[in-house]
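The data block below is data.pdb; it holds PDB, C-alpha atoms.
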```pdb
MODEL        1
ATOM      1  CA  MET A   1       0.978  36.308  20.699
ATOM      2  CA  GLU A   2      -2.266  34.329  20.394
ATOM      3  CA  THR A   3      -3.352  36.532  17.495
ATOM      4  CA  VAL A   4      -0.050  35.931  15.699
ATOM      5  CA  LYS A   5      -0.434  32.155  16.108
ATOM      6  CA  ASN A   6      -3.994  32.214  14.820
ATOM      7  CA  HIS A   7      -2.867  34.354  11.899
ATOM      8  CA  PHE A   8      -0.107  31.878  11.049
ATOM      9  CA  PHE A   9      -2.350  28.794  11.172
ATOM     10  CA  SER A  10      -5.036  30.558   9.169
ATOM     11  CA  ASP A  11      -2.511  31.540   6.479
ATOM     12  CA  MET A  12      -1.034  28.038   6.477
ATOM     13  CA  GLY A  13      -4.496  26.567   5.966
ATOM     14  CA  VAL A  14      -5.037  28.829   2.960
ATOM     15  CA  MET A  15      -1.678  27.793   1.458
ATOM     16  CA  LEU A  16      -2.469  24.110   2.084
ATOM     17  CA  GLY A  17      -5.836  24.496   0.387
ATOM     18  CA  ARG A  18      -4.197  26.191  -2.599
ATOM     19  CA  SER A  19      -1.645  23.399  -3.087
ATOM     20  CA  MET A  20      -4.191  20.618  -2.570
ATOM     21  CA  ARG A  21      -6.477  22.146  -5.206
ATOM     22  CA  HIS A  22      -3.593  21.987  -7.659
ATOM     23  CA  ILE A  23      -3.134  18.301  -6.887
ATOM     24  CA  PHE A  24      -6.821  17.389  -7.146
ATOM     25  CA  ARG A  25      -7.063  19.255 -10.446
ATOM     26  CA  SER A  26      -4.142  17.190 -11.720
ATOM     27  CA  MET A  27      -4.575  13.729 -10.206
ATOM     28  CA  ASP A  28      -1.806  12.382 -12.457
ATOM     29  CA  THR A  29       0.577  13.476  -9.687
ATOM     30  CA  ILE A  30      -0.773  10.896  -7.240
ATOM     31  CA  ILE A  31      -1.315   8.325 -10.007
ATOM     32  CA  THR A  32       2.302   8.672 -11.165
ATOM     33  CA  VAL A  33       3.590   8.303  -7.616
ATOM     34  CA  CYS A  34       1.541   5.107  -7.189
ATOM     35  CA  ILE A  35       2.231   3.439 -10.536
ATOM     36  CA  THR A  36       5.962   2.741 -10.171
ATOM     37  CA  PRO A  37       5.817   1.282  -6.610
ATOM     38  CA  ILE A  38       2.779  -0.835  -7.522
ATOM     39  CA  ALA A  39       4.488  -2.066 -10.702
ATOM     40  CA  MET A  40       7.576  -2.972  -8.667
ATOM     41  CA  MET A  41       5.434  -4.779  -6.113
ATOM     42  CA  LEU A  42       3.734  -6.785  -8.854
ATOM     43  CA  LEU A  43       7.077  -7.582 -10.473
ATOM     44  CA  PHE A  44       8.836  -8.727  -7.326
ATOM     45  CA  VAL A  45       5.896 -10.705  -5.939
ATOM     46  CA  TYR A  46       4.748 -12.479  -9.106
ATOM     47  CA  VAL A  47       8.007 -12.720 -11.088
ATOM     48  CA  PHE A  48      10.914 -12.769  -8.617
ATOM     49  CA  GLY A  49       9.073 -13.730  -5.441
ATOM     50  CA  GLY A  50       9.373 -17.478  -5.943
ATOM     51  CA  ALA A  51      13.154 -17.269  -6.214
ATOM     52  CA  ILE A  52      13.667 -14.971  -3.223
ATOM     53  CA  HIS A  53      13.977 -16.635   0.176
ATOM     54  CA  THR A  54      13.067 -14.373   3.076
ATOM     55  CA  GLY A  55      11.948 -16.913   5.648
ATOM     56  CA  THR A  56       8.344 -15.696   5.387
ATOM     57  CA  GLU A  57       5.363 -17.461   3.839
ATOM     58  CA  ASN A  58       3.969 -14.369   2.142
ATOM     59  CA  TYR A  59       6.540 -12.309   0.230
ATOM     60  CA  VAL A  60       4.206  -9.320  -0.204
ATOM     61  CA  ASN A  61       4.140  -8.966   3.598
ATOM     62  CA  TYR A  62       7.936  -8.815   3.586
ATOM     63  CA  LEU A  63       8.087  -6.453   0.604
ATOM     64  CA  LEU A  64       5.408  -3.868   1.432
ATOM     65  CA  PRO A  65       7.363  -1.677   3.927
ATOM     66  CA  GLY A  66      10.121  -1.047   1.392
ATOM     67  CA  ILE A  67       7.597  -0.303  -1.354
ATOM     68  CA  LEU A  68       5.964   2.309   0.875
ATOM     69  CA  LEU A  69       9.298   4.055   1.435
ATOM     70  CA  ILE A  70       9.999   4.053  -2.310
ATOM     71  CA  ALA A  71       6.595   5.664  -2.890
ATOM     72  CA  ILE A  72       7.421   8.404  -0.379
ATOM     73  CA  ALA A  73      10.828   9.037  -1.955
ATOM     74  CA  SER A  74       9.125   9.333  -5.325
ATOM     75  CA  GLY A  75       6.312  11.539  -4.060
ATOM     76  CA  ILE A  76       8.451  14.183  -2.397
ATOM     77  CA  SER A  77      10.068  15.022  -5.744
ATOM     78  CA  TYR A  78       6.800  16.760  -6.620
ATOM     79  CA  THR A  79       7.191  18.956  -3.561
ATOM     80  CA  ALA A  80      10.550  20.111  -4.885
ATOM     81  CA  TYR A  81       8.978  20.652  -8.310
ATOM     82  CA  ARG A  82       6.066  22.721  -6.959
ATOM     83  CA  LEU A  83       8.368  24.846  -4.818
ATOM     84  CA  PHE A  84      10.722  25.432  -7.743
ATOM     85  CA  MET A  85       7.846  26.487 -10.007
ATOM     86  CA  ASP A  86       6.511  28.920  -7.365
ATOM     87  CA  LYS A  87       9.998  30.360  -7.029
ATOM     88  CA  GLN A  88      10.570  30.515 -10.798
ATOM     89  CA  ARG A  89       7.243  32.218 -11.496
ATOM     90  CA  GLY A  90       7.653  34.731  -8.682
ATOM     91  CA  ILE A  91       4.673  33.334  -6.761
ATOM     92  CA  ILE A  92       6.607  33.288  -3.481
ATOM     93  CA  GLU A  93       7.515  36.963  -3.867
ATOM     94  CA  ARG A  94       3.877  37.824  -4.618
ATOM     95  CA  PHE A  95       2.717  36.101  -1.445
ATOM     96  CA  HIS A  96       5.411  37.887   0.544
ATOM     97  CA  SER A  97       4.056  41.222  -0.686
ATOM     98  CA  MET A  98       0.709  40.354   0.910
ATOM     99  CA  PRO A  99      -0.131  40.655   4.623
ATOM    100  CA  ILE A 100       0.363  36.954   5.370
ATOM    101  CA  SER A 101       2.849  34.985   7.451
ATOM    102  CA  ARG A 102       5.960  34.394   5.335
ATOM    103  CA  SER A 103       6.684  30.904   6.620
ATOM    104  CA  ALA A 104       3.073  29.831   5.948
ATOM    105  CA  VAL A 105       3.870  29.624   2.224
ATOM    106  CA  LEU A 106       6.580  27.026   2.822
ATOM    107  CA  TRP A 107       4.579  25.121   5.421
ATOM    108  CA  GLY A 108       1.672  24.903   2.974
ATOM    109  CA  HIS A 109       3.891  22.925   0.603
ATOM    110  CA  VAL A 110       5.168  20.734   3.440
ATOM    111  CA  LEU A 111       1.676  19.817   4.651
ATOM    112  CA  THR A 112       0.562  19.182   1.078
ATOM    113  CA  SER A 113       3.400  16.687   0.758
ATOM    114  CA  LEU A 114       2.227  14.873   3.892
ATOM    115  CA  VAL A 115      -1.393  14.687   2.736
ATOM    116  CA  SER A 116      -0.698  13.678  -0.874
ATOM    117  CA  ASN A 117       1.860  11.050   0.115
ATOM    118  CA  MET A 118      -0.521   9.525   2.666
ATOM    119  CA  ILE A 119      -3.178   9.237  -0.066
ATOM    120  CA  SER A 120      -0.653   7.435  -2.289
ATOM    121  CA  LEU A 121       0.318   5.060   0.535
ATOM    122  CA  VAL A 122      -3.324   4.158   1.201
ATOM    123  CA  VAL A 123      -3.777   3.285  -2.482
ATOM    124  CA  ILE A 124      -0.654   1.085  -2.432
ATOM    125  CA  ILE A 125      -1.759  -0.711   0.747
ATOM    126  CA  LEU A 126      -5.166  -1.411  -0.828
ATOM    127  CA  VAL A 127      -3.444  -2.961  -3.855
ATOM    128  CA  ALA A 128      -1.223  -5.000  -1.515
ATOM    129  CA  LEU A 129      -4.358  -6.323   0.235
ATOM    130  CA  ILE A 130      -5.698  -7.480  -3.126
ATOM    131  CA  MET A 131      -2.344  -9.217  -3.725
ATOM    132  CA  GLY A 132      -2.628 -11.107  -0.448
ATOM    133  CA  PHE A 133      -1.076  -8.819   2.136
ATOM    134  CA  ARG A 134      -2.342  -9.597   5.616
ATOM    135  CA  SER A 135      -1.463  -8.105   8.989
ATOM    136  CA  SER A 136      -2.137  -9.408  12.487
ATOM    137  CA  ALA A 137      -1.369  -5.976  13.980
ATOM    138  CA  GLY A 138      -3.913  -4.149  16.109
ATOM    139  CA  VAL A 139      -4.829  -0.484  16.160
ATOM    140  CA  LEU A 140      -1.814   0.716  18.159
ATOM    141  CA  PRO A 141       0.823  -0.919  15.904
ATOM    142  CA  TRP A 142      -0.940   0.527  12.849
ATOM    143  CA  LEU A 143      -0.914   3.958  14.462
ATOM    144  CA  ALA A 144       2.803   3.516  15.171
ATOM    145  CA  VAL A 145       3.405   2.577  11.506
ATOM    146  CA  THR A 146       1.444   5.645  10.395
ATOM    147  CA  GLY A 147       3.489   7.851  12.712
ATOM    148  CA  ILE A 148       6.793   6.495  11.386
ATOM    149  CA  LEU A 149       5.688   6.942   7.767
ATOM    150  CA  LEU A 150       4.572  10.516   8.501
ATOM    151  CA  LEU A 151       7.866  11.282  10.211
ATOM    152  CA  PHE A 152       9.849   9.784   7.319
ATOM    153  CA  THR A 153       7.766  11.782   4.833
ATOM    154  CA  LEU A 154       8.286  14.981   6.808
ATOM    155  CA  ALA A 155      12.045  14.411   6.958
ATOM    156  CA  LEU A 156      12.330  13.841   3.198
ATOM    157  CA  THR A 157       9.960  16.727   2.462
ATOM    158  CA  TRP A 158      12.361  19.175   4.107
ATOM    159  CA  VAL A 159      15.144  17.679   1.975
ATOM    160  CA  ALA A 160      12.904  18.282  -1.044
ATOM    161  CA  ALA A 161      12.355  21.874   0.080
ATOM    162  CA  ILE A 162      16.104  22.489  -0.051
ATOM    163  CA  ALA A 163      16.258  21.137  -3.599
ATOM    164  CA  GLY A 164      13.188  23.080  -4.728
ATOM    165  CA  LEU A 165      14.426  26.378  -3.330
ATOM    166  CA  SER A 166      18.057  25.941  -4.422
ATOM    167  CA  GLY A 167      17.633  24.234  -7.807
ATOM    168  CA  LYS A 168      18.589  26.079 -10.963
ATOM    169  CA  SER A 169      16.294  24.041 -13.213
ATOM    170  CA  VAL A 170      13.261  21.768 -12.966
ATOM    171  CA  GLU A 171      15.448  18.735 -13.587
ATOM    172  CA  GLY A 172      17.942  19.803 -10.932
ATOM    173  CA  ALA A 173      15.193  20.427  -8.401
ATOM    174  CA  SER A 174      13.676  16.952  -8.757
ATOM    175  CA  ALA A 175      16.724  14.807  -9.605
ATOM    176  CA  PHE A 176      17.756  14.603  -5.932
ATOM    177  CA  SER A 177      15.016  12.009  -5.340
ATOM    178  CA  TYR A 178      16.649   9.356  -7.557
ATOM    179  CA  PRO A 179      19.271   8.265  -4.991
ATOM    180  CA  LEU A 180      16.540   8.192  -2.328
ATOM    181  CA  ILE A 181      14.397   5.907  -4.493
ATOM    182  CA  PHE A 182      17.403   3.639  -5.083
ATOM    183  CA  LEU A 183      18.396   3.461  -1.393
ATOM    184  CA  PRO A 184      15.802   0.797  -0.393
ATOM    185  CA  PHE A 185      17.367  -1.590  -2.913
ATOM    186  CA  ILE A 186      20.531  -1.645  -0.783
ATOM    187  CA  SER A 187      18.704  -2.506   2.418
ATOM    188  CA  SER A 188      16.602  -5.297   3.866
ATOM    189  CA  ALA A 189      13.559  -4.046   1.940
ATOM    190  CA  PHE A 190      13.689  -6.741  -0.756
ATOM    191  CA  VAL A 191      15.958  -9.467   0.637
ATOM    192  CA  PRO A 192      17.567 -10.181   4.029
ATOM    193  CA  THR A 193      20.960  -8.543   4.411
ATOM    194  CA  ASP A 194      22.507 -11.926   5.306
ATOM    195  CA  SER A 195      22.665 -12.800   1.611
ATOM    196  CA  MET A 196      24.715  -9.715   0.674
ATOM    197  CA  PRO A 197      28.516  -9.414   0.315
ATOM    198  CA  LYS A 198      30.229  -8.074   3.446
ATOM    199  CA  VAL A 199      30.802  -4.514   2.237
ATOM    200  CA  VAL A 200      27.281  -4.162   0.838
ATOM    201  CA  ARG A 201      25.832  -5.787   3.948
ATOM    202  CA  ALA A 202      27.693  -3.370   6.220
ATOM    203  CA  PHE A 203      26.240  -0.414   4.323
ATOM    204  CA  ALA A 204      22.756  -1.932   4.164
ATOM    205  CA  GLU A 205      22.596  -2.602   7.889
ATOM    206  CA  ASN A 206      23.769   0.889   8.842
ATOM    207  CA  GLN A 207      21.649   3.110   6.623
ATOM    208  CA  PRO A 208      18.265   4.558   7.662
ATOM    209  CA  VAL A 209      16.004   2.541   5.348
ATOM    210  CA  THR A 210      16.852  -0.830   6.913
ATOM    211  CA  SER A 211      15.945   0.191  10.462
ATOM    212  CA  ILE A 212      12.728   1.860   9.267
ATOM    213  CA  VAL A 213      11.745  -1.154   7.154
ATOM    214  CA  GLU A 214      12.497  -3.612   9.952
ATOM    215  CA  THR A 215      10.462  -1.539  12.405
ATOM    216  CA  ILE A 216       7.421  -1.312  10.115
ATOM    217  CA  ARG A 217       7.692  -5.017   9.231
ATOM    218  CA  ALA A 218       7.808  -6.018  12.899
ATOM    219  CA  LEU A 219       4.851  -3.776  13.791
ATOM    220  CA  LEU A 220       2.696  -5.088  10.941
ATOM    221  CA  SER A 221       3.456  -8.700  11.863
ATOM    222  CA  ASN A 222       2.825  -7.959  15.551
ATOM    223  CA  GLN A 223       6.406  -8.890  16.498
ATOM    224  CA  PRO A 224       8.799  -7.178  18.959
ATOM    225  CA  VAL A 225      10.557  -4.222  17.335
ATOM    226  CA  GLY A 226      13.669  -4.228  19.540
ATOM    227  CA  ASN A 227      16.122  -1.366  19.094
ATOM    228  CA  ASP A 228      15.200  -0.831  15.444
ATOM    229  CA  ILE A 229      12.402   1.572  16.320
ATOM    230  CA  TRP A 230      14.745   3.872  18.249
ATOM    231  CA  ILE A 231      17.318   3.792  15.464
ATOM    232  CA  ALA A 232      14.594   4.520  12.915
ATOM    233  CA  LEU A 233      13.252   7.445  14.945
ATOM    234  CA  ALA A 234      16.766   8.822  15.470
ATOM    235  CA  TRP A 235      17.429   8.735  11.704
ATOM    236  CA  CYS A 236      14.110  10.396  10.847
ATOM    237  CA  VAL A 237      14.370  13.120  13.488
ATOM    238  CA  GLY A 238      18.046  13.775  12.712
ATOM    239  CA  ILE A 239      17.454  14.101   8.967
ATOM    240  CA  MET A 240      14.385  16.266   9.573
ATOM    241  CA  LEU A 241      16.146  18.714  11.898
ATOM    242  CA  VAL A 242      19.212  19.137   9.679
ATOM    243  CA  ALA A 243      17.117  19.486   6.518
ATOM    244  CA  TYR A 244      14.750  21.936   8.233
ATOM    245  CA  VAL A 245      17.624  24.250   9.188
ATOM    246  CA  PHE A 246      19.047  24.314   5.656
ATOM    247  CA  ALA A 247      15.594  24.613   4.064
ATOM    248  CA  MET A 248      14.722  27.629   6.199
ATOM    249  CA  ARG A 249      18.058  29.245   5.316
ATOM    250  CA  ALA A 250      17.363  28.731   1.618
ATOM    251  CA  TYR A 251      13.825  30.076   2.061
ATOM    252  CA  LYS A 252      14.987  33.198   3.897
ATOM    253  CA  LYS A 253      17.389  33.923   1.059
ATOM    254  CA  ARG A 254      14.463  33.772  -1.349
ATOM    255  CA  ALA A 255      12.415  35.981   1.008
TER     256      ALA A 255
ENDMDL
END
```
As structure tokens, the full file:
Amino acid sequence: METVKNHFFSDMGVMLGRSMRHIFRSMDTIITVCITPIAMMLLFVYVFGGAIHTGTENYVNYLLPGILLIAIASGISYTAYRLFMDKQRGIIERFHSMPISRSAVLWGHVLTSLVSNMISLVVIILVALIMGFRSSAGVLPWLAVTGILLLFTLALTWVAAIAGLSGKSVEGASAFSYPLIFLPFISSAFVPTDSMPKVVRAFAENQPVTSIVETIRALLSNQPVGNDIWIALAWCVGIMLVAYVFAMRAYKKRA
């Protein structure tokens, strides 16, 4: 059993290294993921920020959690794209013909998504610091924020795996991310939900992005998180488990 585990982790490390080399040879992937969220942050802070009332002195502090989630939703589309291209070119079948763990191929893509998205988030946070973002949070709250962002990324990555393995075209494999990118706009990411019409407010307050944003915002401002953190974790874990089951089914069909 120990040998099998070592074999799996060794194979997964090789697959992770392969995917990361592709990313570092084509840095436009990370740059593209960063550009849109940063442009939106600049637009909302310097153009719309003065007209938006959030009850906070620094709008970039209010805005940043939602921008980070948009960056993740944008970044995982590349996971679907890379999986689709491996499937389309027969790369997955070639790996399966070799003496390696079959699931290591899929996990390599998943871990690559986590690493590449974390790099993008660090870049965005650095830009936010230049724009005036400040946090009074200590080490533990920052670790909690990192954990939530990793969990959210992992959940959406498994959703991306379903699209990448099931898509019939490149466009179909990556188009699923558009609704996910749009979802933060109907949440408390940009404005408080109190200002929304009743129907929109009801949706905004009961979708996963709002609880995740409120949790990250509270942690970064060193404020009590209340029940939002448990709701956020429940959403992330629930989405991850359901998506994982369907992704593995789609992968086994390909295998």
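The closest residue to Gly172 (chain A), picked from A:Leu241, A:Leu68, A:Thr54, A:Ser77 and counting all atoms listed in the file, is A:Ser77.
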Please evaluate the PyMOL selection byres ((chain A and resi 59) around 12) against the structure above and give the resulting residues as a JSON list (two decimals) with C-alpha atoms, in the coordinates of the input.
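Here's the written file out.json:
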```json
[["chain", "number", "residue", "atom", "x", "y", "z"],
["A", 41, "MET", "CA", 5.43, -4.78, -6.11],
["A", 42, "LEU", "CA", 3.73, -6.78, -8.85],
["A", 43, "LEU", "CA", 7.08, -7.58, -10.47],
["A", 44, "PHE", "CA", 8.84, -8.73, -7.33],
["A", 45, "VAL", "CA", 5.90, -10.70, -5.94],
["A", 46, "TYR", "CA", 4.75, -12.48, -9.11],
["A", 47, "VAL", "CA", 8.01, -12.72, -11.09],
["A", 48, "PHE", "CA", 10.91, -12.77, -8.62],
["A", 49, "GLY", "CA", 9.07, -13.73, -5.44],
["A", 50, "GLY", "CA", 9.37, -17.48, -5.94],
["A", 51, "ALA", "CA", 13.15, -17.27, -6.21],
["A", 52, "ILE", "CA", 13.67, -14.97, -3.22],
["A", 53, "HIS", "CA", 13.98, -16.64, 0.18],
["A", 54, "THR", "CA", 13.07, -14.37, 3.08],
["A", 55, "GLY", "CA", 11.95, -16.91, 5.65],
["A", 56, "THR", "CA", 8.34, -15.70, 5.39],
["A", 57, "GLU", "CA", 5.36, -17.46, 3.84],
["A", 58, "ASN", "CA", 3.97, -14.37, 2.14],
["A", 60, "VAL", "CA", 4.21, -9.32, -0.20],
["A", 61, "ASN", "CA", 4.14, -8.97, 3.60],
["A", 62, "TYR", "CA", 7.94, -8.82, 3.59],
["A", 63, "LEU", "CA", 8.09, -6.45, 0.60],
["A", 64, "LEU", "CA", 5.41, -3.87, 1.43],
["A", 65, "PRO", "CA", 7.36, -1.68, 3.93],
["A", 66, "GLY", "CA", 10.12, -1.05, 1.39],
["A", 128, "ALA", "CA", -1.22, -5.00, -1.52],
["A", 131, "MET", "CA", -2.34, -9.22, -3.72],
["A", 132, "GLY", "CA", -2.63, -11.11, -0.45],
["A", 133, "PHE", "CA", -1.08, -8.82, 2.14],
["A", 134, "ARG", "CA", -2.34, -9.60, 5.62],
["A", 189, "ALA", "CA", 13.56, -4.05, 1.94],
["A", 190, "PHE", "CA", 13.69, -6.74, -0.76],
["A", 191, "VAL", "CA", 15.96, -9.47, 0.64],
["A", 192, "PRO", "CA", 17.57, -10.18, 4.03],
["A", 217, "ARG", "CA", 7.69, -5.02, 9.23]]
```
If the PyMOL selection byres ((chain A and resi 180) around 9) were run on this exact file, what residues would it hold? Put them as a VMD selection string. chain A and resid 70 73 to 74 156 176 to 179 181 to 184
Among listed residues A:Glu205, A:Glu93, A:Glu171, A:Asp228, nearest Lys253 (chain A) (using all atoms listed in the file):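 Checking each of A:Glu205, A:Glu93, A:Glu171, A:Asp228 against Lys253 (chain A), counting all atoms listed in the file, the winner is A:Glu93.
Taking CA of Pro208 (chain A) and CA of Val105 (chain A) as the two end points, the separation is 29.4 Å.
Between CA of Asn222 (chain A) and CA of Thr157 (chain A) the separation is 28.8 Å.
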Please indicate the distance in Å from CA of Met118 (chain A) to CA of Ile91 (chain A), rounded to one decimal place.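 Computing the Euclidean distance for CA of Met118 (chain A) and CA of Ile91 (chain A) yields 26.1 Å.
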Name the residues that the PyMOL selection byres ((chain A and resi 252) around 12) picks from the file above, as a list in words, using the file's chain letters and numbers. Ile92, Glu93, His96, Arg102, Ser103, Val105, Leu106, Ile162, Leu165, Ser166, Val245, Phe246, Ala247, Met248, Arg249, Ala250, Tyr251, Lys253, Arg254 and Ala255 of chain A
Give the answer as one residue: which of A:Asn206, A:Ser113, A:Ser187, A:Ser10 has the shortest atom-to-atom distance to Tyr81 (chain A), using all atoms listed in the file?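 When distances to Tyr81 (chain A) are compared using all atoms listed in the file, the smallest one comes from A:Ser113.
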Write out as a list in words each polymer residue whose atoms come within 7 Å of Ala80 (chain A), counting all atoms listed in the file; drop sequence neighbours fewer than 2 positions from it.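 Using all atoms listed in the file, the neighbours found are Ile76, Ser77, Tyr78, Arg82, Leu83, Phe84, Ala160, Ala161, Ala163, Gly164, Ala173 and Ser174 of chain A.
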Local residues around (-3.1, 31.3, 3.2), at most 10 Å away, using all atoms listed in the file, as a list of chain:residue names: A:His7, A:Phe8, A:Phe9, A:Ser10, A:Asp11, A:Met12, A:Gly13, A:Val14, A:Met15, A:Leu16, A:Gly17, A:Arg18, A:Phe95, A:Pro99, A:Ile100, A:Ser101, A:Arg102, A:Ala104, A:Val105, A:Gly108
Taking all atoms listed in the file into account, name the residue in A:Ile186, A:Val159, A:Ala39, A:Ile229 that is nearest to Val199 (chain A). A:Ile186
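Using all atoms listed in the file, the contacts of Asn227 (chain A) at a cut-off of 12 Å, with sequence neighbours closer than 6 positions omitted, comprise A:Ser211, A:Ile212, A:Glu214, A:Thr215, A:Ala218, A:Leu233, A:Ala234.
Minimum atom-to-atom distance to Ile31 (chain A), evaluated using only C-alpha atoms, belongs to A:Ser116 out of A:Val170, A:Ser116, A:Asp86, A:Arg94.
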Pick from A:Ser195, A:Ser19, A:Thr153, A:Gln207 nearest to Ser120 (chain A), counting only C-alpha atoms: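 Among the listed residues, A:Thr153 lies closest to Ser120 (chain A).
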Could you write out as lines of an AutoDock Vina configuration file the box around region 90-93 of chain A (axis-aligned, all atoms listed in the file, 4 Å on each side), with centre and edge lengths in Å to one decimal?
```
center_x = 6.2
center_y = 35.1
center_z = -6.1
size_x = 11.0
size_y = 11.7
size_z = 13.2
```
Mind checking which residues fall within 12 Å of Gly138 (chain A), counting all atoms listed in the file, ignoring those fewer than 6 positions away in the same chain, and posting them as a PyMOL selection string? chain A and resi 144-145+219-223
Could region 215-227 of chain A be completed with N, CA, C and O atoms and returned as a PDB file, in the coordinates of the input?
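Writing done, so here's result-v4.pdb:
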```pdb
ATOM      1  N   THR A 215      11.423  -1.983  11.400  1.00  0.00           N
ATOM      2  CA  THR A 215      10.462  -1.539  12.405  1.00  0.00           C
ATOM      3  C   THR A 215       9.033  -1.695  11.901  1.00  0.00           C
ATOM      4  O   THR A 215       8.163  -2.245  12.593  1.00  0.00           O
ATOM      5  N   ILE A 216       8.766  -1.215  10.688  1.00  0.00           N
ATOM      6  CA  ILE A 216       7.421  -1.312  10.115  1.00  0.00           C
ATOM      7  C   ILE A 216       7.031  -2.769   9.929  1.00  0.00           C
ATOM      8  O   ILE A 216       5.889  -3.174  10.229  1.00  0.00           O
ATOM      9  N   ARG A 217       7.975  -3.590   9.454  1.00  0.00           N
ATOM     10  CA  ARG A 217       7.692  -5.017   9.231  1.00  0.00           C
ATOM     11  C   ARG A 217       7.334  -5.714  10.540  1.00  0.00           C
ATOM     12  O   ARG A 217       6.396  -6.522  10.590  1.00  0.00           O
ATOM     13  N   ALA A 218       8.073  -5.398  11.596  1.00  0.00           N
ATOM     14  CA  ALA A 218       7.808  -6.018  12.899  1.00  0.00           C
ATOM     15  C   ALA A 218       6.449  -5.563  13.443  1.00  0.00           C
ATOM     16  O   ALA A 218       5.687  -6.368  13.996  1.00  0.00           O
ATOM     17  N   LEU A 219       6.127  -4.287  13.298  1.00  0.00           N
ATOM     18  CA  LEU A 219       4.851  -3.776  13.791  1.00  0.00           C
ATOM     19  C   LEU A 219       3.678  -4.402  13.046  1.00  0.00           C
ATOM     20  O   LEU A 219       2.677  -4.792  13.665  1.00  0.00           O
ATOM     21  N   LEU A 220       3.791  -4.526  11.731  1.00  0.00           N
ATOM     22  CA  LEU A 220       2.696  -5.088  10.941  1.00  0.00           C
ATOM     23  C   LEU A 220       2.494  -6.572  11.194  1.00  0.00           C
ATOM     24  O   LEU A 220       1.385  -7.094  11.034  1.00  0.00           O
ATOM     25  N   SER A 221       3.567  -7.270  11.563  1.00  0.00           N
ATOM     26  CA  SER A 221       3.456  -8.700  11.863  1.00  0.00           C
ATOM     27  C   SER A 221       3.252  -8.958  13.351  1.00  0.00           C
ATOM     28  O   SER A 221       3.284 -10.104  13.795  1.00  0.00           O
ATOM     29  N   ASN A 222       3.081  -7.867  14.109  1.00  0.00           N
ATOM     30  CA  ASN A 222       2.825  -7.959  15.551  1.00  0.00           C
ATOM     31  C   ASN A 222       3.969  -8.659  16.289  1.00  0.00           C
ATOM     32  O   ASN A 222       3.745  -9.460  17.201  1.00  0.00           O
ATOM     33  N   GLN A 223       5.203  -8.329  15.894  1.00  0.00           N
ATOM     34  CA  GLN A 223       6.406  -8.890  16.498  1.00  0.00           C
ATOM     35  C   GLN A 223       7.146  -7.803  17.281  1.00  0.00           C
ATOM     36  O   GLN A 223       6.950  -6.616  17.029  1.00  0.00           O
ATOM     37  N   PRO A 224       8.010  -8.182  18.225  1.00  0.00           N
ATOM     38  CA  PRO A 224       8.799  -7.178  18.959  1.00  0.00           C
ATOM     39  C   PRO A 224       9.694  -6.381  18.010  1.00  0.00           C
ATOM     40  O   PRO A 224      10.298  -6.940  17.103  1.00  0.00           O
ATOM     41  N   VAL A 225       9.776  -5.080  18.235  1.00  0.00           N
ATOM     42  CA  VAL A 225      10.557  -4.222  17.335  1.00  0.00           C
ATOM     43  C   VAL A 225      12.009  -4.058  17.794  1.00  0.00           C
ATOM     44  O   VAL A 225      12.869  -3.662  17.000  1.00  0.00           O
ATOM     45  N   GLY A 226      12.296  -4.343  19.045  1.00  0.00           N
ATOM     46  CA  GLY A 226      13.669  -4.228  19.540  1.00  0.00           C
ATOM     47  C   GLY A 226      14.189  -2.803  19.462  1.00  0.00           C
ATOM     48  O   GLY A 226      13.437  -1.824  19.631  1.00  0.00           O
ATOM     49  N   ASN A 227      15.484  -2.689  19.177  1.00  0.00           N
ATOM     50  CA  ASN A 227      16.122  -1.366  19.094  1.00  0.00           C
ATOM     51  C   ASN A 227      15.901  -0.673  17.759  1.00  0.00           C
ATOM     52  O   ASN A 227      16.230   0.505  17.609  1.00  0.00           O
TER      53      ASN A 227
END
```
